[in-house]
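Raw run36.pdb, PDB, N, CA and C atoms:
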ATOM      1  N   MET A   1      56.942  41.580  54.954
ATOM      2  CA  MET A   1      55.994  42.167  55.867
ATOM      3  C   MET A   1      55.208  43.247  55.109
ATOM      4  N   ARG A   2      53.912  43.309  55.400
ATOM      5  CA  ARG A   2      53.046  44.270  54.730
ATOM      6  C   ARG A   2      53.196  45.661  55.332
ATOM      7  N   GLU A   3      52.953  46.674  54.498
ATOM      8  CA  GLU A   3      52.963  48.067  54.944
ATOM      9  C   GLU A   3      51.611  48.390  55.554
ATOM     10  N   GLY A   4      51.594  48.930  56.752
ATOM     11  CA  GLY A   4      50.347  49.312  57.402
ATOM     12  C   GLY A   4      49.870  50.684  56.950
ATOM     13  N   ARG A   5      48.642  51.032  57.331
ATOM     14  CA  ARG A   5      48.064  52.345  57.041
ATOM     15  C   ARG A   5      47.532  52.924  58.341
ATOM     16  N   TRP A   6      47.496  54.253  58.427
ATOM     17  CA  TRP A   6      46.919  54.885  59.610
ATOM     18  C   TRP A   6      45.444  54.552  59.699
ATOM     19  N   LEU A   7      44.982  54.369  60.889
ATOM     20  CA  LEU A   7      43.574  54.117  61.141
ATOM     21  C   LEU A   7      42.847  55.453  61.156
ATOM     22  N   SER A   8      41.737  55.535  60.428
ATOM     23  CA  SER A   8      40.990  56.792  60.450
ATOM     24  C   SER A   8      39.552  56.496  60.822
ATOM     25  N   PRO A   9      38.902  57.276  61.616
ATOM     26  CA  PRO A   9      39.436  58.522  62.159
ATOM     27  C   PRO A   9      40.512  58.246  63.194
ATOM     28  N   ARG A  10      41.349  59.224  63.405
ATOM     29  CA  ARG A  10      42.448  59.051  64.345
ATOM     30  C   ARG A  10      41.911  58.926  65.766
ATOM     31  N   HIS A  11      42.368  57.921  66.468
ATOM     32  CA  HIS A  11      41.981  57.718  67.860
ATOM     33  C   HIS A  11      42.899  58.568  68.739
ATOM     34  N   PRO A  12      42.337  59.405  69.618
ATOM     35  CA  PRO A  12      43.156  60.327  70.402
ATOM     36  C   PRO A  12      44.064  59.649  71.427
ATOM     37  N   ASP A  13      43.660  58.494  71.940
ATOM     38  CA  ASP A  13      44.520  57.775  72.873
ATOM     39  C   ASP A  13      44.189  56.290  72.836
ATOM     40  N   ARG A  14      45.010  55.532  73.516
ATOM     41  CA  ARG A  14      44.890  54.074  73.453
ATOM     42  C   ARG A  14      43.591  53.560  74.073
ATOM     43  N   SER A  15      43.075  54.221  75.093
ATOM     44  CA  SER A  15      41.840  53.752  75.731
ATOM     45  C   SER A  15      40.647  53.804  74.774
ATOM     46  N   VAL A  16      40.560  54.841  73.944
ATOM     47  CA  VAL A  16      39.489  54.935  72.944
ATOM     48  C   VAL A  16      39.683  53.860  71.879
ATOM     49  N   PHE A  17      40.935  53.645  71.475
ATOM     50  CA  PHE A  17      41.246  52.607  70.492
ATOM     51  C   PHE A  17      40.832  51.232  71.007
ATOM     52  N   GLU A  18      41.150  50.917  72.260
ATOM     53  CA  GLU A  18      40.816  49.612  72.827
ATOM     54  C   GLU A  18      39.310  49.439  73.011
ATOM     55  N   ARG A  19      38.580  50.522  73.210
ATOM     56  CA  ARG A  19      37.128  50.435  73.303
ATOM     57  C   ARG A  19      36.518  50.120  71.931
ATOM     58  N   ASP A  20      37.066  50.709  70.857
ATOM     59  CA  ASP A  20      36.569  50.469  69.507
ATOM     60  C   ASP A  20      36.992  49.111  68.955
ATOM     61  N   PHE A  21      38.078  48.568  69.466
ATOM     62  CA  PHE A  21      38.596  47.258  69.047
ATOM     63  C   PHE A  21      38.737  46.376  70.280
ATOM     64  N   PRO A  22      37.624  45.834  70.789
ATOM     65  CA  PRO A  22      37.620  45.158  72.090
ATOM     66  C   PRO A  22      38.202  43.743  72.115
ATOM     67  N   LYS A  23      38.153  43.028  71.010
ATOM     68  CA  LYS A  23      38.603  41.629  71.017
ATOM     69  C   LYS A  23      40.096  41.538  70.737
ATOM     70  N   VAL A  24      40.758  40.597  71.420
ATOM     71  CA  VAL A  24      42.197  40.390  71.256
ATOM     72  C   VAL A  24      42.424  39.130  70.439
ATOM     73  N   GLN A  25      43.277  39.243  69.419
ATOM     74  CA  GLN A  25      43.638  38.109  68.577
ATOM     75  C   GLN A  25      44.781  37.329  69.221
ATOM     76  N   LEU A  26      44.718  36.003  69.173
ATOM     77  CA  LEU A  26      45.786  35.177  69.752
ATOM     78  C   LEU A  26      46.998  35.076  68.836
ATOM     79  N   ASN A  27      46.778  35.094  67.524
ATOM     80  CA  ASN A  27      47.872  35.014  66.546
ATOM     81  C   ASN A  27      47.883  36.275  65.693
ATOM     82  N   PRO A  28      48.479  37.365  66.196
ATOM     83  CA  PRO A  28      48.419  38.627  65.458
ATOM     84  C   PRO A  28      49.317  38.649  64.225
ATOM     85  N   LEU A  29      48.894  39.421  63.228
ATOM     86  CA  LEU A  29      49.714  39.677  62.043
ATOM     87  C   LEU A  29      50.718  40.774  62.370
ATOM     88  N   ASP A  30      51.837  40.784  61.659
ATOM     89  CA  ASP A  30      52.819  41.855  61.795
ATOM     90  C   ASP A  30      52.754  42.739  60.557
ATOM     91  N   VAL A  31      52.676  44.049  60.759
ATOM     92  CA  VAL A  31      52.764  45.015  59.665
ATOM     93  C   VAL A  31      53.760  46.087  60.082
ATOM     94  N   SER A  32      54.247  46.836  59.108
ATOM     95  CA  SER A  32      55.156  47.937  59.443
ATOM     96  C   SER A  32      54.351  49.221  59.593
ATOM     97  N   CYS A  33      54.723  50.017  60.573
ATOM     98  CA  CYS A  33      54.056  51.292  60.841
ATOM     99  C   CYS A  33      54.368  52.253  59.695
ATOM    100  N   PRO A  34      53.361  52.988  59.191
ATOM    101  CA  PRO A  34      53.637  53.931  58.104
ATOM    102  C   PRO A  34      54.459  55.140  58.547
ATOM    103  N   GLY A  35      54.538  55.389  59.845
ATOM    104  CA  GLY A  35      55.302  56.538  60.339
ATOM    105  C   GLY A  35      56.738  56.193  60.674
ATOM    106  N   CYS A  36      56.927  55.349  61.694
ATOM    107  CA  CYS A  36      58.276  55.048  62.185
ATOM    108  C   CYS A  36      58.873  53.792  61.548
ATOM    109  N   LYS A  37      58.108  53.065  60.755
ATOM    110  CA  LYS A  37      58.533  51.826  60.079
ATOM    111  C   LYS A  37      58.842  50.692  61.045
ATOM    112  N   GLY A  38      58.389  50.813  62.301
ATOM    113  CA  GLY A  38      58.555  49.742  63.276
ATOM    114  C   GLY A  38      57.505  48.660  63.075
ATOM    115  N   VAL A  39      57.676  47.546  63.749
ATOM    116  CA  VAL A  39      56.747  46.424  63.652
ATOM    117  C   VAL A  39      55.558  46.671  64.582
ATOM    118  N   VAL A  40      54.347  46.525  64.030
ATOM    119  CA  VAL A  40      53.117  46.673  64.806
ATOM    120  C   VAL A  40      52.364  45.357  64.730
ATOM    121  N   LYS A  41      51.978  44.819  65.880
ATOM    122  CA  LYS A  41      51.188  43.590  65.943
ATOM    123  C   LYS A  41      49.714  43.950  65.760
ATOM    124  N   MET A  42      49.049  43.318  64.802
ATOM    125  CA  MET A  42      47.628  43.538  64.549
ATOM    126  C   MET A  42      46.843  42.633  65.483
ATOM    127  N   ALA A  43      46.824  42.984  66.766
ATOM    128  CA  ALA A  43      46.293  42.102  67.798
ATOM    129  C   ALA A  43      44.875  42.438  68.235
ATOM    130  N   ARG A  44      44.253  43.477  67.678
ATOM    131  CA  ARG A  44      42.902  43.872  68.102
ATOM    132  C   ARG A  44      41.921  43.677  66.954
ATOM    133  N   LEU A  45      40.726  43.200  67.309
ATOM    134  CA  LEU A  45      39.678  42.946  66.329
ATOM    135  C   LEU A  45      38.466  43.794  66.678
ATOM    136  N   GLY A  46      38.019  44.597  65.718
ATOM    137  CA  GLY A  46      36.853  45.453  65.918
ATOM    138  C   GLY A  46      35.561  44.671  65.765
ATOM    139  N   LEU A  47      34.453  45.325  66.099
ATOM    140  CA  LEU A  47      33.150  44.669  66.021
ATOM    141  C   LEU A  47      32.770  44.314  64.595
ATOM    142  N   GLY A  48      33.269  45.049  63.622
ATOM    143  CA  GLY A  48      32.989  44.766  62.212
ATOM    144  C   GLY A  48      33.949  43.770  61.593
ATOM    145  N   GLY A  49      34.844  43.192  62.383
ATOM    146  CA  GLY A  49      35.803  42.217  61.880
ATOM    147  C   GLY A  49      37.081  42.834  61.354
ATOM    148  N   ARG A  50      37.300  44.104  61.619
ATOM    149  CA  ARG A  50      38.481  44.803  61.134
ATOM    150  C   ARG A  50      39.641  44.634  62.113
ATOM    151  N   LEU A  51      40.818  44.284  61.601
ATOM    152  CA  LEU A  51      42.016  44.127  62.416
ATOM    153  C   LEU A  51      42.747  45.451  62.551
ATOM    154  N   ALA A  52      43.327  45.687  63.715
ATOM    155  CA  ALA A  52      44.108  46.898  63.943
ATOM    156  C   ALA A  52      45.136  46.651  65.034
ATOM    157  N   GLY A  53      46.109  47.540  65.090
ATOM    158  CA  GLY A  53      47.132  47.493  66.120
ATOM    159  C   GLY A  53      47.476  48.904  66.547
ATOM    160  N   TRP A  54      48.218  49.044  67.630
ATOM    161  CA  TRP A  54      48.590  50.345  68.159
ATOM    162  C   TRP A  54      50.102  50.493  68.115
ATOM    163  N   CYS A  55      50.579  51.544  67.452
ATOM    164  CA  CYS A  55      52.019  51.839  67.419
ATOM    165  C   CYS A  55      52.346  52.689  68.640
ATOM    166  N   ALA A  56      53.128  52.140  69.544
ATOM    167  CA  ALA A  56      53.467  52.845  70.776
ATOM    168  C   ALA A  56      54.387  54.032  70.501
ATOM    169  N   ALA A  57      55.270  53.911  69.503
ATOM    170  CA  ALA A  57      56.197  55.003  69.194
ATOM    171  C   ALA A  57      55.472  56.212  68.626
ATOM    172  N   CYS A  58      54.486  55.988  67.761
ATOM    173  CA  CYS A  58      53.752  57.084  67.112
ATOM    174  C   CYS A  58      52.469  57.456  67.850
ATOM    175  N   SER A  59      52.022  56.613  68.772
ATOM    176  CA  SER A  59      50.754  56.785  69.498
ATOM    177  C   SER A  59      49.584  56.931  68.538
ATOM    178  N   ARG A  60      49.535  56.011  67.576
ATOM    179  CA  ARG A  60      48.438  56.017  66.599
ATOM    180  C   ARG A  60      48.026  54.592  66.280
ATOM    181  N   GLY A  61      46.766  54.462  65.853
ATOM    182  CA  GLY A  61      46.249  53.177  65.421
ATOM    183  C   GLY A  61      46.691  52.877  63.997
ATOM    184  N   VAL A  62      46.968  51.599  63.734
ATOM    185  CA  VAL A  62      47.428  51.151  62.414
ATOM    186  C   VAL A  62      46.555  49.981  61.983
ATOM    187  N   THR A  63      46.205  49.952  60.706
ATOM    188  CA  THR A  63      45.454  48.842  60.143
ATOM    189  C   THR A  63      46.197  48.326  58.906
ATOM    190  N   SER A  64      45.808  47.163  58.418
ATOM    191  CA  SER A  64      46.503  46.603  57.251
ATOM    192  C   SER A  64      45.813  46.991  55.971
TER     193      SER A  64
END
Output the file's structure in the form of structure tokens.
Amino acid sequence: MREGRWLSPRHPDRSVFERDFPKVQLNPLDVSCPGCKGVVKMARLGLGGRLAGWCAACSRGVTS
């Protein structure tokens, strides 16, 4: 499994993150969170084609 990186700029909450990454991927990638080392599904796709996921434990956006 790949190591994820924090998404910058930091999104203050999940609603802002979901607005910036509106499309949902059907087959998400799994990466490890850089903070808690838990599994994060890269299930959101941004307008620029960038994949990201949300770590619920850390309350932060993660990208690959």
Reference answer for the PyMOL selection byres ((chain A and resi 29) around 8), as a PyMOL selection string: chain A and resi 25-28+30-32+39-44
Could you produce a table of the residues of segment 24-63 of chain A lying within 5 Å of segment 5-15 of chain A, with the nearest pair of atoms per residue and their separation in Å rounded to one decimal, using all atoms listed in the file, ordered by chain and increasing residue number, as CSV?
residue,atom,partner,partner_atom,distance
A:Gly61,C,A:Leu7,N,3.8
A:Val62,CA,A:Leu7,N,4.3
A:Thr63,C,A:Arg5,N,4.0
Explicit residue set for the PyMOL selection byres (((chain A and resi 23 and name CA) around 7) and name CA), as a list of chain:residue names: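 Here the PyMOL selection byres (((chain A and resi 23 and name CA) around 7) and name CA) matches A:Phe21, A:Pro22, A:Val24, A:Gln25, A:Arg44, A:Leu45, A:Gly46.
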Using only C-alpha atoms: which of A:Gly38, A:Leu47, A:Ala52, A:Phe17 has the shortest distance to Ser64 of chain A: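 Looking only at the distances to Ser64 of chain A, the closest residue turns out to be A:Ala52.
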Sel. of strand (DSSP E or B) residues, chain A, as number ranges by chain: A: 2-3, 5-6, 23-32, 39-45, 51-55, 60-63
Between atom CA of Gly4 of chain A and atom CA of Pro34 of chain A, distance in Å (one decimal):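 Computed distance, atom CA of Gly4 of chain A to atom CA of Pro34 of chain A, equals 5.7 Å.
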DSSP helix (DSSP H, G or I) residues within chain A, as a list in words: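 Everything in chain A that counts as helix (DSSP H, G or I) is Arg14, Ser15, Val16, Phe17, Glu18, Arg19 and Asp20 of chain A.
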Grab the residues selected above and save them as a compact mmCIF listing (two decimals), keeping the file's coordinate frame with N, CA and C atoms.
# COMPACT_ATOMS: atom_id res chain seq x y z
N ARG A 14 45.01 55.53 73.52
CA ARG A 14 44.89 54.07 73.45
C ARG A 14 43.59 53.56 74.07
N SER A 15 43.08 54.22 75.09
CA SER A 15 41.84 53.75 75.73
C SER A 15 40.65 53.80 74.77
N VAL A 16 40.56 54.84 73.94
CA VAL A 16 39.49 54.94 72.94
C VAL A 16 39.68 53.86 71.88
N PHE A 17 40.94 53.64 71.47
CA PHE A 17 41.25 52.61 70.49
C PHE A 17 40.83 51.23 71.01
N GLU A 18 41.15 50.92 72.26
CA GLU A 18 40.82 49.61 72.83
C GLU A 18 39.31 49.44 73.01
N ARG A 19 38.58 50.52 73.21
CA ARG A 19 37.13 50.44 73.30
C ARG A 19 36.52 50.12 71.93
N ASP A 20 37.07 50.71 70.86
CA ASP A 20 36.57 50.47 69.51
C ASP A 20 36.99 49.11 68.96
Atom-to-atom span, atom CA of Trp54 of chain A and atom CA of Val16 of chain A, Å: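 Atom CA of Val16 of chain A lies 11.3 Å from atom CA of Trp54 of chain A.
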Between atom CA of Ala57 of chain A and atom N of Cys36 of chain A, distance in Å (one decimal):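 Computing the Euclidean distance for atom CA of Ala57 of chain A and atom N of Cys36 of chain A yields 7.5 Å.
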Minimum-distance residue to Arg2 of chain A, chosen among A:Cys55, A:Arg60, A:Arg50, A:Lys37 (using only C-alpha atoms):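 Closest to Arg2 of chain A, using only C-alpha atoms: A:Lys37.
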